[in-house]
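Next comes query_12.txt, with compact mmCIF, N, CA and C atoms and all ligand atoms.
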# COMPACT_ATOMS: atom_id res chain seq x y z
N MET A 1 86.81 144.62 319.25
CA MET A 1 86.48 144.97 320.64
C MET A 1 85.41 144.01 321.16
N ILE A 2 85.66 143.37 322.32
CA ILE A 2 84.63 142.49 322.88
C ILE A 2 83.64 143.33 323.67
N PRO A 3 82.36 142.88 323.80
CA PRO A 3 81.36 143.73 324.45
C PRO A 3 81.75 144.06 325.89
N ALA A 4 81.51 145.33 326.27
CA ALA A 4 81.78 145.74 327.66
C ALA A 4 80.75 145.09 328.57
N SER A 5 81.14 144.88 329.84
CA SER A 5 80.18 144.36 330.82
C SER A 5 79.07 145.39 330.97
N PRO A 6 77.83 144.93 331.31
CA PRO A 6 76.75 145.90 331.53
C PRO A 6 77.13 146.84 332.67
N LEU A 7 76.63 148.08 332.60
CA LEU A 7 76.90 149.02 333.69
C LEU A 7 76.28 148.50 334.97
N PRO A 8 77.02 148.59 336.09
CA PRO A 8 76.41 148.18 337.34
C PRO A 8 75.16 149.02 337.59
N GLY A 9 74.04 148.36 337.84
CA GLY A 9 72.79 149.11 338.07
C GLY A 9 72.04 149.38 336.79
N GLY A 10 72.74 149.31 335.62
CA GLY A 10 72.09 149.52 334.32
C GLY A 10 71.42 150.88 334.20
N GLY A 11 70.38 150.95 333.35
CA GLY A 11 69.62 152.18 333.20
C GLY A 11 70.37 153.27 332.44
N ASP A 12 69.92 154.51 332.63
CA ASP A 12 70.43 155.64 331.84
C ASP A 12 71.49 156.44 332.57
N ARG A 13 71.91 155.97 333.75
CA ARG A 13 72.83 156.81 334.51
C ARG A 13 74.17 156.92 333.77
N LEU A 14 74.95 157.95 334.16
CA LEU A 14 76.20 158.23 333.47
C LEU A 14 77.25 157.18 333.76
N PHE A 15 77.98 156.82 332.72
CA PHE A 15 79.16 155.97 332.84
C PHE A 15 80.24 156.82 333.52
N THR A 16 81.04 156.21 334.40
CA THR A 16 82.06 157.00 335.10
C THR A 16 83.47 156.60 334.67
N LEU A 17 84.42 157.51 334.92
CA LEU A 17 85.82 157.19 334.61
C LEU A 17 86.31 156.04 335.48
N GLY A 18 85.78 155.94 336.71
CA GLY A 18 86.15 154.83 337.59
C GLY A 18 85.74 153.50 336.97
N GLU A 19 84.56 153.47 336.34
CA GLU A 19 84.10 152.23 335.67
C GLU A 19 84.99 151.91 334.47
N LEU A 20 85.39 152.94 333.72
CA LEU A 20 86.28 152.70 332.57
C LEU A 20 87.63 152.18 333.10
N GLU A 21 88.11 152.75 334.21
CA GLU A 21 89.38 152.28 334.79
C GLU A 21 89.28 150.79 335.18
N ARG A 22 88.15 150.40 335.77
CA ARG A 22 87.97 148.99 336.16
C ARG A 22 87.93 148.08 334.94
N LEU A 23 87.21 148.56 333.89
CA LEU A 23 87.11 147.78 332.64
C LEU A 23 88.51 147.55 332.05
N ILE A 24 89.32 148.60 332.06
CA ILE A 24 90.69 148.51 331.54
C ILE A 24 91.50 147.52 332.38
N ALA A 25 91.36 147.58 333.71
CA ALA A 25 92.10 146.66 334.59
C ALA A 25 91.68 145.22 334.31
N GLU A 26 90.37 145.00 334.10
CA GLU A 26 89.87 143.65 333.81
C GLU A 26 90.47 143.10 332.51
N ARG A 27 90.68 144.00 331.55
CA ARG A 27 91.18 143.57 330.23
C ARG A 27 92.62 143.05 330.29
N ARG A 28 93.31 143.25 331.40
CA ARG A 28 94.64 142.63 331.57
C ARG A 28 94.56 141.13 331.36
N HIS A 29 93.39 140.54 331.68
CA HIS A 29 93.23 139.08 331.62
C HIS A 29 92.47 138.63 330.37
N ALA A 30 92.19 139.57 329.44
CA ALA A 30 91.42 139.22 328.23
C ALA A 30 92.35 138.59 327.19
N VAL A 31 91.73 138.10 326.12
CA VAL A 31 92.50 137.54 325.00
C VAL A 31 92.91 138.70 324.10
N ALA A 32 94.23 138.77 323.78
CA ALA A 32 94.75 139.97 323.09
C ALA A 32 94.09 140.23 321.74
N ASP A 33 93.78 139.17 320.97
CA ASP A 33 93.20 139.47 319.64
C ASP A 33 91.72 139.83 319.73
N LYS A 34 91.14 139.74 320.93
CA LYS A 34 89.74 140.17 321.12
C LYS A 34 89.69 141.54 321.81
N SER A 35 90.75 141.91 322.50
CA SER A 35 90.73 143.14 323.30
C SER A 35 91.85 144.09 322.86
N TYR A 36 91.44 145.28 322.38
CA TYR A 36 92.42 146.32 322.02
C TYR A 36 93.21 146.72 323.26
N THR A 37 92.53 146.82 324.40
CA THR A 37 93.20 147.23 325.64
C THR A 37 94.31 146.24 326.00
N ARG A 38 94.00 144.93 325.93
CA ARG A 38 94.99 143.92 326.26
C ARG A 38 96.18 144.01 325.30
N SER A 39 95.91 144.23 324.00
CA SER A 39 97.03 144.30 323.06
C SER A 39 97.88 145.54 323.33
N LEU A 40 97.24 146.64 323.72
CA LEU A 40 98.01 147.84 324.09
C LEU A 40 98.86 147.58 325.33
N LEU A 41 98.23 146.96 326.37
CA LEU A 41 98.96 146.68 327.61
C LEU A 41 100.15 145.76 327.33
N ASP A 42 99.94 144.77 326.44
CA ASP A 42 101.03 143.86 326.09
C ASP A 42 102.18 144.61 325.39
N ALA A 43 101.83 145.65 324.65
CA ALA A 43 102.85 146.38 323.89
C ALA A 43 103.76 147.21 324.79
N GLY A 44 103.27 147.56 325.99
CA GLY A 44 104.13 148.24 326.97
C GLY A 44 104.00 149.76 326.97
N VAL A 45 104.61 150.35 328.01
CA VAL A 45 104.46 151.79 328.26
C VAL A 45 104.91 152.67 327.08
N PRO A 46 106.08 152.42 326.45
CA PRO A 46 106.48 153.33 325.36
C PRO A 46 105.45 153.38 324.23
N ARG A 47 104.90 152.21 323.85
CA ARG A 47 103.89 152.16 322.77
C ARG A 47 102.59 152.87 323.21
N ILE A 48 102.19 152.64 324.45
CA ILE A 48 100.95 153.28 324.95
C ILE A 48 101.15 154.79 325.01
N ALA A 49 102.33 155.20 325.48
CA ALA A 49 102.61 156.64 325.57
C ALA A 49 102.59 157.28 324.17
N LYS A 50 103.10 156.55 323.18
CA LYS A 50 103.10 157.07 321.80
C LYS A 50 101.66 157.24 321.31
N LYS A 51 100.81 156.22 321.56
CA LYS A 51 99.39 156.31 321.14
C LYS A 51 98.72 157.49 321.84
N PHE A 52 99.01 157.64 323.15
CA PHE A 52 98.43 158.75 323.91
C PHE A 52 98.83 160.10 323.27
N GLY A 53 100.11 160.21 322.93
CA GLY A 53 100.60 161.45 322.30
C GLY A 53 99.91 161.71 320.97
N GLU A 54 99.73 160.65 320.17
CA GLU A 54 99.06 160.81 318.87
C GLU A 54 97.62 161.29 319.05
N GLU A 55 96.94 160.68 320.02
CA GLU A 55 95.54 161.07 320.26
C GLU A 55 95.47 162.52 320.75
N ALA A 56 96.45 162.93 321.58
CA ALA A 56 96.47 164.31 322.07
C ALA A 56 96.67 165.29 320.91
N VAL A 57 97.57 164.94 319.99
CA VAL A 57 97.81 165.81 318.82
C VAL A 57 96.54 165.90 317.98
N GLU A 58 95.84 164.76 317.80
CA GLU A 58 94.59 164.77 317.03
C GLU A 58 93.55 165.67 317.72
N ALA A 59 93.54 165.67 319.06
CA ALA A 59 92.60 166.54 319.80
C ALA A 59 92.99 168.01 319.59
N VAL A 60 94.28 168.29 319.61
CA VAL A 60 94.76 169.67 319.37
C VAL A 60 94.30 170.14 317.99
N ILE A 61 94.48 169.29 316.99
CA ILE A 61 94.11 169.68 315.61
C ILE A 61 92.61 169.95 315.53
N ALA A 62 91.80 169.06 316.13
CA ALA A 62 90.34 169.25 316.11
C ALA A 62 89.96 170.56 316.79
N ALA A 63 90.63 170.89 317.90
CA ALA A 63 90.31 172.12 318.63
C ALA A 63 90.66 173.35 317.78
N VAL A 64 91.85 173.32 317.18
CA VAL A 64 92.30 174.47 316.38
C VAL A 64 91.39 174.65 315.15
N MET A 65 90.91 173.51 314.61
CA MET A 65 90.00 173.57 313.45
C MET A 65 88.57 173.92 313.87
N LYS A 66 88.34 174.08 315.16
CA LYS A 66 87.01 174.35 315.72
C LYS A 66 86.00 173.27 315.31
N ASP A 67 86.48 172.03 315.23
CA ASP A 67 85.62 170.90 314.85
C ASP A 67 85.16 170.21 316.14
N LYS A 68 84.02 170.68 316.67
CA LYS A 68 83.57 170.19 317.98
C LYS A 68 83.28 168.69 318.01
N PRO A 69 82.58 168.12 317.00
CA PRO A 69 82.34 166.67 317.05
C PRO A 69 83.66 165.89 317.07
N ALA A 70 84.65 166.33 316.25
CA ALA A 70 85.94 165.63 316.24
C ALA A 70 86.64 165.80 317.58
N LEU A 71 86.54 167.00 318.18
CA LEU A 71 87.20 167.23 319.47
C LEU A 71 86.61 166.33 320.55
N LEU A 72 85.27 166.16 320.52
CA LEU A 72 84.63 165.26 321.50
C LEU A 72 85.18 163.84 321.36
N SER A 73 85.25 163.38 320.10
CA SER A 73 85.72 162.02 319.85
C SER A 73 87.19 161.87 320.25
N GLU A 74 88.01 162.84 319.88
CA GLU A 74 89.45 162.76 320.21
C GLU A 74 89.67 162.89 321.72
N ALA A 75 88.83 163.71 322.39
CA ALA A 75 88.96 163.85 323.85
C ALA A 75 88.69 162.50 324.52
N ALA A 76 87.71 161.76 324.00
CA ALA A 76 87.42 160.42 324.55
C ALA A 76 88.61 159.49 324.33
N ASP A 77 89.21 159.58 323.12
CA ASP A 77 90.41 158.75 322.84
C ASP A 77 91.55 159.10 323.80
N VAL A 78 91.73 160.41 324.04
CA VAL A 78 92.82 160.86 324.93
C VAL A 78 92.61 160.31 326.34
N ILE A 79 91.38 160.42 326.84
CA ILE A 79 91.11 159.97 328.22
C ILE A 79 91.27 158.45 328.33
N TYR A 80 90.74 157.71 327.34
CA TYR A 80 90.89 156.25 327.36
C TYR A 80 92.38 155.87 327.36
N HIS A 81 93.15 156.47 326.44
CA HIS A 81 94.57 156.10 326.36
C HIS A 81 95.35 156.55 327.60
N LEU A 82 94.95 157.66 328.22
CA LEU A 82 95.59 158.08 329.48
C LEU A 82 95.34 157.04 330.57
N LEU A 83 94.09 156.55 330.64
CA LEU A 83 93.78 155.53 331.67
C LEU A 83 94.55 154.23 331.41
N VAL A 84 94.73 153.87 330.14
CA VAL A 84 95.53 152.67 329.84
C VAL A 84 96.99 152.92 330.24
N LEU A 85 97.48 154.14 329.98
CA LEU A 85 98.86 154.49 330.34
C LEU A 85 99.06 154.43 331.86
N LEU A 86 98.09 154.93 332.60
CA LEU A 86 98.17 154.88 334.08
C LEU A 86 98.18 153.43 334.54
N GLN A 87 97.28 152.62 333.97
CA GLN A 87 97.20 151.19 334.33
C GLN A 87 98.55 150.51 334.08
N ALA A 88 99.13 150.75 332.92
CA ALA A 88 100.41 150.11 332.58
C ALA A 88 101.55 150.61 333.47
N SER A 89 101.36 151.80 334.06
CA SER A 89 102.40 152.39 334.91
C SER A 89 102.12 152.15 336.40
N ASP A 90 101.11 151.28 336.69
CA ASP A 90 100.72 150.98 338.08
C ASP A 90 100.35 152.24 338.87
N LEU A 91 99.65 153.15 338.19
CA LEU A 91 99.12 154.34 338.86
C LEU A 91 97.60 154.31 338.71
N SER A 92 96.89 154.91 339.69
CA SER A 92 95.43 154.86 339.64
C SER A 92 94.84 156.25 339.41
N LEU A 93 93.59 156.23 338.95
CA LEU A 93 92.83 157.47 338.77
C LEU A 93 92.70 158.18 340.12
N ASP A 94 92.51 157.42 341.21
CA ASP A 94 92.41 158.03 342.55
C ASP A 94 93.67 158.84 342.88
N GLN A 95 94.82 158.32 342.48
CA GLN A 95 96.06 159.05 342.77
C GLN A 95 96.11 160.37 341.98
N VAL A 96 95.61 160.34 340.74
CA VAL A 96 95.58 161.57 339.94
C VAL A 96 94.59 162.56 340.55
N VAL A 97 93.43 162.04 340.98
CA VAL A 97 92.41 162.91 341.59
C VAL A 97 92.95 163.51 342.90
N ALA A 98 93.71 162.70 343.66
CA ALA A 98 94.30 163.22 344.91
C ALA A 98 95.26 164.36 344.59
N GLU A 99 96.02 164.22 343.51
CA GLU A 99 96.95 165.29 343.12
C GLU A 99 96.16 166.54 342.70
N LEU A 100 95.07 166.34 341.96
CA LEU A 100 94.25 167.49 341.57
C LEU A 100 93.65 168.16 342.81
N GLY A 101 93.24 167.32 343.79
CA GLY A 101 92.67 167.85 345.03
C GLY A 101 93.69 168.67 345.78
N ARG A 102 94.94 168.17 345.82
CA ARG A 102 96.01 168.91 346.51
C ARG A 102 96.19 170.29 345.86
N ARG A 103 96.01 170.35 344.55
CA ARG A 103 96.23 171.61 343.83
C ARG A 103 95.13 172.63 344.07
N THR A 104 93.96 172.16 344.57
CA THR A 104 92.87 173.13 344.79
C THR A 104 93.21 174.10 345.91
N ARG A 105 94.28 173.79 346.69
CA ARG A 105 94.66 174.68 347.80
C ARG A 105 95.30 175.96 347.29
N GLN A 106 95.69 176.01 346.03
CA GLN A 106 96.27 177.25 345.50
C GLN A 106 95.89 177.40 344.03
N SER A 107 95.99 178.66 343.55
CA SER A 107 95.65 178.89 342.15
C SER A 107 96.78 178.38 341.26
N GLY A 108 96.49 178.21 339.99
CA GLY A 108 97.52 177.77 339.03
C GLY A 108 98.67 178.76 338.97
N HIS A 109 98.38 180.07 339.05
CA HIS A 109 99.45 181.09 339.01
C HIS A 109 100.34 180.95 340.24
N GLU A 110 99.70 180.74 341.43
CA GLU A 110 100.50 180.59 342.67
C GLU A 110 101.39 179.36 342.59
N GLU A 111 100.81 178.24 342.08
CA GLU A 111 101.58 177.00 342.00
C GLU A 111 102.80 177.19 341.08
N LYS A 112 102.59 177.88 339.96
CA LYS A 112 103.70 178.07 339.02
C LYS A 112 104.79 178.94 339.64
N ALA A 113 104.35 179.98 340.39
CA ALA A 113 105.32 180.90 341.00
C ALA A 113 106.14 180.19 342.09
N SER A 114 105.56 179.11 342.70
CA SER A 114 106.26 178.43 343.79
C SER A 114 107.28 177.39 343.29
N ARG A 115 107.30 177.15 341.95
CA ARG A 115 108.23 176.14 341.42
C ARG A 115 109.67 176.65 341.51
N PRO A 116 110.64 175.72 341.75
CA PRO A 116 112.03 176.17 341.78
C PRO A 116 112.43 176.71 340.40
N PRO A 117 113.35 177.68 340.38
CA PRO A 117 113.75 178.23 339.07
C PRO A 117 114.36 177.14 338.18
N ALA A 118 114.08 177.23 336.87
CA ALA A 118 114.63 176.24 335.91
C ALA A 118 116.15 176.39 335.87
N THR A 119 116.86 175.24 335.76
CA THR A 119 118.34 175.31 335.74
C THR A 119 118.85 175.42 334.31
N1 LIG A 201 87.09 153.70 325.20
C1 LIG A 201 87.71 152.88 324.51
C2 LIG A 201 88.43 153.28 323.35
N2 LIG A 201 88.61 154.50 322.78
C3 LIG A 201 89.38 154.29 321.69
N3 LIG A 201 89.67 152.99 321.56
C4 LIG A 201 90.44 152.33 320.49
O1 LIG A 201 91.62 153.06 320.30
C5 LIG A 201 92.09 152.82 318.98
C6 LIG A 201 92.59 154.14 318.47
O2 LIG A 201 92.26 154.30 317.17
P1 LIG A 201 93.34 154.70 316.09
O3 LIG A 201 92.62 154.73 314.78
O4 LIG A 201 94.11 155.89 316.49
O5 LIG A 201 94.34 153.50 316.23
P2 LIG A 201 94.59 152.31 315.30
O6 LIG A 201 95.02 152.84 313.99
O7 LIG A 201 93.43 151.37 315.32
O8 LIG A 201 95.78 151.70 316.13
P3 LIG A 201 97.25 151.49 315.74
O9 LIG A 201 97.23 150.62 314.52
O10 LIG A 201 97.86 152.85 315.56
O11 LIG A 201 97.77 150.80 316.96
C7 LIG A 201 90.92 152.19 318.19
O12 LIG A 201 91.16 150.81 318.01
C8 LIG A 201 89.73 152.40 319.13
O13 LIG A 201 88.75 151.38 319.05
C9 LIG A 201 89.11 152.32 322.57
N4 LIG A 201 89.13 151.01 322.91
C10 LIG A 201 88.46 150.63 324.03
N5 LIG A 201 87.74 151.52 324.82
C11 LIG A 201 87.04 151.05 326.03
O14 LIG A 201 87.66 149.89 326.52
C12 LIG A 201 86.71 148.84 326.62
C13 LIG A 201 87.42 147.53 326.37
O15 LIG A 201 87.83 147.48 325.01
P4 LIG A 201 88.58 146.17 324.47
O16 LIG A 201 89.82 146.06 325.28
O17 LIG A 201 88.87 146.40 323.02
O18 LIG A 201 87.65 145.03 324.70
C14 LIG A 201 85.64 149.16 325.59
O19 LIG A 201 84.42 148.54 325.89
C15 LIG A 201 85.58 150.67 325.75
O20 LIG A 201 84.79 150.97 326.90

Show me the file's structure as structure tokens.
Amino acid sequence: MIPASPLPGGGDRLFTLGELERLIAERRHAVADKSYTRSLLDAGVPRIAKKFGEEAVEAVIAAVMKDKPALLSEAADVIYHLLVLLQASDLSLDQVVAELGRRTRQSGHEEKASRPPAT
């Protein structure tokens, strides 16, 4: 892994998902043997989706085992791999947030009840 760029503004403030998304986008132009992100992006959506699924399963196992430190670490892996998957699919975090915002207009139970019946 090559060193990440310093946080804009530096200091102790929180790193944001938007900054991680930008870092991932920048890695499109990195050297593959120096950047894990670039090598993942080069491998394509099916490979990235598989890694994302593996990380999600590892998070599930940590949660079921009530292993909080492992769950924190796996949750970070899940979020990082999801952002790489979105990048490879030409989708942005803003689009996901917009979808989440749209959903705040109704409860999860209401949204599920409004879905067309399964065929
Ligand atoms: N947040 C992450 C991050 N989280 C997890 N990972 C990598 O994800 C991989 C997952 O680990 P695994 O053990 O499951 O996978 P693996 O066995 O190494 O991989 P495979 O052999 O299965 O492909 C590891 O190589 C981790 O280092 C990450 N790699 C990069 N980042 C961020 O992306 C930035 C850019 O990284 P590079 O692209 O490597 O410069 C970094 O500065 C970080 O901010």

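Distance-wise, atom C of A:Glu74 and atom N of A:Glu55 end up 7.8 Å apart.
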
Worksheet item: Residues at most 8 Å from ligand LIG 201 (chain A), using all atoms listed in the file? Could they come as a ChimeraX atom specification?
Response: /A:1-5,19-20,23-24,26-28,30,33-40,51,54-55,73,76-81

Give me, as a short mmCIF file (atom, residue, chain, number, x, y, z; two decimals) with N, CA and C atoms, in the frame of the given file, the residues of chain A that a backbone DSSP run labels helix (DSSP H, G or I).
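Printed below is states20.cif as written:
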data_model
loop_
_atom_site.label_atom_id
_atom_site.label_comp_id
_atom_site.auth_asym_id
_atom_site.auth_seq_id
_atom_site.Cartn_x
_atom_site.Cartn_y
_atom_site.Cartn_z
N LEU A 17 84.42 157.51 334.92
CA LEU A 17 85.82 157.19 334.61
C LEU A 17 86.31 156.04 335.48
N GLY A 18 85.78 155.94 336.71
CA GLY A 18 86.15 154.83 337.59
C GLY A 18 85.74 153.50 336.97
N GLU A 19 84.56 153.47 336.34
CA GLU A 19 84.10 152.23 335.67
C GLU A 19 84.99 151.91 334.47
N LEU A 20 85.39 152.94 333.72
CA LEU A 20 86.28 152.70 332.57
C LEU A 20 87.63 152.18 333.10
N GLU A 21 88.11 152.75 334.21
CA GLU A 21 89.38 152.28 334.79
C GLU A 21 89.28 150.79 335.18
N ARG A 22 88.15 150.40 335.77
CA ARG A 22 87.97 148.99 336.16
C ARG A 22 87.93 148.08 334.94
N LEU A 23 87.21 148.56 333.89
CA LEU A 23 87.11 147.78 332.64
C LEU A 23 88.51 147.55 332.05
N ILE A 24 89.32 148.60 332.06
CA ILE A 24 90.69 148.51 331.54
C ILE A 24 91.50 147.52 332.38
N ALA A 25 91.36 147.58 333.71
CA ALA A 25 92.10 146.66 334.59
C ALA A 25 91.68 145.22 334.31
N GLU A 26 90.37 145.00 334.10
CA GLU A 26 89.87 143.65 333.81
C GLU A 26 90.47 143.10 332.51
N ARG A 27 90.68 144.00 331.55
CA ARG A 27 91.18 143.57 330.23
C ARG A 27 92.62 143.05 330.29
N ARG A 28 93.31 143.25 331.40
CA ARG A 28 94.64 142.63 331.57
C ARG A 28 94.56 141.13 331.36
N HIS A 29 93.39 140.54 331.68
CA HIS A 29 93.23 139.08 331.62
C HIS A 29 92.47 138.63 330.37
N TYR A 36 91.44 145.28 322.38
CA TYR A 36 92.42 146.32 322.02
C TYR A 36 93.21 146.72 323.26
N THR A 37 92.53 146.82 324.40
CA THR A 37 93.20 147.23 325.64
C THR A 37 94.31 146.24 326.00
N ARG A 38 94.00 144.93 325.93
CA ARG A 38 94.99 143.92 326.26
C ARG A 38 96.18 144.01 325.30
N SER A 39 95.91 144.23 324.00
CA SER A 39 97.03 144.30 323.06
C SER A 39 97.88 145.54 323.33
N LEU A 40 97.24 146.64 323.72
CA LEU A 40 98.01 147.84 324.09
C LEU A 40 98.86 147.58 325.33
N LEU A 41 98.23 146.96 326.37
CA LEU A 41 98.96 146.68 327.61
C LEU A 41 100.15 145.76 327.33
N ASP A 42 99.94 144.77 326.44
CA ASP A 42 101.03 143.86 326.09
C ASP A 42 102.18 144.61 325.39
N ALA A 43 101.83 145.65 324.65
CA ALA A 43 102.85 146.38 323.89
C ALA A 43 103.76 147.21 324.79
N VAL A 45 104.61 150.35 328.01
CA VAL A 45 104.46 151.79 328.26
C VAL A 45 104.91 152.67 327.08
N PRO A 46 106.08 152.42 326.45
CA PRO A 46 106.48 153.33 325.36
C PRO A 46 105.45 153.38 324.23
N ARG A 47 104.90 152.21 323.85
CA ARG A 47 103.89 152.16 322.77
C ARG A 47 102.59 152.87 323.21
N ILE A 48 102.19 152.64 324.45
CA ILE A 48 100.95 153.28 324.95
C ILE A 48 101.15 154.79 325.01
N ALA A 49 102.33 155.20 325.48
CA ALA A 49 102.61 156.64 325.57
C ALA A 49 102.59 157.28 324.17
N LYS A 50 103.10 156.55 323.18
CA LYS A 50 103.10 157.07 321.80
C LYS A 50 101.66 157.24 321.31
N LYS A 51 100.81 156.22 321.56
CA LYS A 51 99.39 156.31 321.14
C LYS A 51 98.72 157.49 321.84
N PHE A 52 99.01 157.64 323.15
CA PHE A 52 98.43 158.75 323.91
C PHE A 52 98.83 160.10 323.27
N GLY A 53 100.11 160.21 322.93
CA GLY A 53 100.60 161.45 322.30
C GLY A 53 99.91 161.71 320.97
N GLU A 54 99.73 160.65 320.17
CA GLU A 54 99.06 160.81 318.87
C GLU A 54 97.62 161.29 319.05
N GLU A 55 96.94 160.68 320.02
CA GLU A 55 95.54 161.07 320.26
C GLU A 55 95.47 162.52 320.75
N ALA A 56 96.45 162.93 321.58
CA ALA A 56 96.47 164.31 322.07
C ALA A 56 96.67 165.29 320.91
N VAL A 57 97.57 164.94 319.99
CA VAL A 57 97.81 165.81 318.82
C VAL A 57 96.54 165.90 317.98
N GLU A 58 95.84 164.76 317.80
CA GLU A 58 94.59 164.77 317.03
C GLU A 58 93.55 165.67 317.72
N ALA A 59 93.54 165.67 319.06
CA ALA A 59 92.60 166.54 319.80
C ALA A 59 92.99 168.01 319.59
N VAL A 60 94.28 168.29 319.61
CA VAL A 60 94.76 169.67 319.37
C VAL A 60 94.30 170.14 317.99
N ILE A 61 94.48 169.29 316.99
CA ILE A 61 94.11 169.68 315.61
C ILE A 61 92.61 169.95 315.53
N ALA A 62 91.80 169.06 316.13
CA ALA A 62 90.34 169.25 316.11
C ALA A 62 89.96 170.56 316.79
N ALA A 63 90.63 170.89 317.90
CA ALA A 63 90.31 172.12 318.63
C ALA A 63 90.66 173.35 317.78
N VAL A 64 91.85 173.32 317.18
CA VAL A 64 92.30 174.47 316.38
C VAL A 64 91.39 174.65 315.15
N LYS A 68 84.02 170.68 316.67
CA LYS A 68 83.57 170.19 317.98
C LYS A 68 83.28 168.69 318.01
N PRO A 69 82.58 168.12 317.00
CA PRO A 69 82.34 166.67 317.05
C PRO A 69 83.66 165.89 317.07
N ALA A 70 84.65 166.33 316.25
CA ALA A 70 85.94 165.63 316.24
C ALA A 70 86.64 165.80 317.58
N LEU A 71 86.54 167.00 318.18
CA LEU A 71 87.20 167.23 319.47
C LEU A 71 86.61 166.33 320.55
N LEU A 72 85.27 166.16 320.52
CA LEU A 72 84.63 165.26 321.50
C LEU A 72 85.18 163.84 321.36
N SER A 73 85.25 163.38 320.10
CA SER A 73 85.72 162.02 319.85
C SER A 73 87.19 161.87 320.25
N GLU A 74 88.01 162.84 319.88
CA GLU A 74 89.45 162.76 320.21
C GLU A 74 89.67 162.89 321.72
N ALA A 75 88.83 163.71 322.39
CA ALA A 75 88.96 163.85 323.85
C ALA A 75 88.69 162.50 324.52
N ALA A 76 87.71 161.76 324.00
CA ALA A 76 87.42 160.42 324.55
C ALA A 76 88.61 159.49 324.33
N ASP A 77 89.21 159.58 323.12
CA ASP A 77 90.41 158.75 322.84
C ASP A 77 91.55 159.10 323.80
N VAL A 78 91.73 160.41 324.04
CA VAL A 78 92.82 160.86 324.93
C VAL A 78 92.61 160.31 326.34
N ILE A 79 91.38 160.42 326.84
CA ILE A 79 91.11 159.97 328.22
C ILE A 79 91.27 158.45 328.33
N TYR A 80 90.74 157.71 327.34
CA TYR A 80 90.89 156.25 327.36
C TYR A 80 92.38 155.87 327.36
N HIS A 81 93.15 156.47 326.44
CA HIS A 81 94.57 156.10 326.36
C HIS A 81 95.35 156.55 327.60
N LEU A 82 94.95 157.66 328.22
CA LEU A 82 95.59 158.08 329.48
C LEU A 82 95.34 157.04 330.57
N LEU A 83 94.09 156.55 330.64
CA LEU A 83 93.78 155.53 331.67
C LEU A 83 94.55 154.23 331.41
N VAL A 84 94.73 153.87 330.14
CA VAL A 84 95.53 152.67 329.84
C VAL A 84 96.99 152.92 330.24
N LEU A 85 97.48 154.14 329.98
CA LEU A 85 98.86 154.49 330.34
C LEU A 85 99.06 154.43 331.86
N LEU A 86 98.09 154.93 332.60
CA LEU A 86 98.17 154.88 334.08
C LEU A 86 98.18 153.43 334.54
N GLN A 87 97.28 152.62 333.97
CA GLN A 87 97.20 151.19 334.33
C GLN A 87 98.55 150.51 334.08
N ALA A 88 99.13 150.75 332.92
CA ALA A 88 100.41 150.11 332.58
C ALA A 88 101.55 150.61 333.47
N LEU A 93 93.59 156.23 338.95
CA LEU A 93 92.83 157.47 338.77
C LEU A 93 92.70 158.18 340.12
N ASP A 94 92.51 157.42 341.21
CA ASP A 94 92.41 158.03 342.55
C ASP A 94 93.67 158.84 342.88
N GLN A 95 94.82 158.32 342.48
CA GLN A 95 96.06 159.05 342.77
C GLN A 95 96.11 160.37 341.98
N VAL A 96 95.61 160.34 340.74
CA VAL A 96 95.58 161.57 339.94
C VAL A 96 94.59 162.56 340.55
N VAL A 97 93.43 162.04 340.98
CA VAL A 97 92.41 162.91 341.59
C VAL A 97 92.95 163.51 342.90
N ALA A 98 93.71 162.70 343.66
CA ALA A 98 94.30 163.22 344.91
C ALA A 98 95.26 164.36 344.59
N GLU A 99 96.02 164.22 343.51
CA GLU A 99 96.95 165.29 343.12
C GLU A 99 96.16 166.54 342.70
N LEU A 100 95.07 166.34 341.96
CA LEU A 100 94.25 167.49 341.57
C LEU A 100 93.65 168.16 342.81
N GLY A 101 93.24 167.32 343.79
CA GLY A 101 92.67 167.85 345.03
C GLY A 101 93.69 168.67 345.78
N ARG A 102 94.94 168.17 345.82
CA ARG A 102 96.01 168.91 346.51
C ARG A 102 96.19 170.29 345.86
N ARG A 103 96.01 170.35 344.55
CA ARG A 103 96.23 171.61 343.83
C ARG A 103 95.13 172.63 344.07
N GLY A 108 96.49 178.21 339.99
CA GLY A 108 97.52 177.77 339.03
C GLY A 108 98.67 178.76 338.97
N HIS A 109 98.38 180.07 339.05
CA HIS A 109 99.45 181.09 339.01
C HIS A 109 100.34 180.95 340.24
N GLU A 110 99.70 180.74 341.43
CA GLU A 110 100.50 180.59 342.67
C GLU A 110 101.39 179.36 342.59
N GLU A 111 100.81 178.24 342.08
CA GLU A 111 101.58 177.00 342.00
C GLU A 111 102.80 177.19 341.08
N LYS A 112 102.59 177.88 339.96
CA LYS A 112 103.70 178.07 339.02
C LYS A 112 104.79 178.94 339.64
N ALA A 113 104.35 179.98 340.39
CA ALA A 113 105.32 180.90 341.00
C ALA A 113 106.14 180.19 342.09
#

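Relative to atom CA of A:Leu93, atom CA of A:Glu21 is found at 7.4 Å.
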
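If only C-alpha atoms are the atoms counted, then among A:Ala25, A:Ala49, A:Leu100, A:Val57 the closest residue to A:Ala75 is A:Val57.
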
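Put simply, atom N of A:Arg105 is 22.2 Å away from atom CA of A:Leu17.
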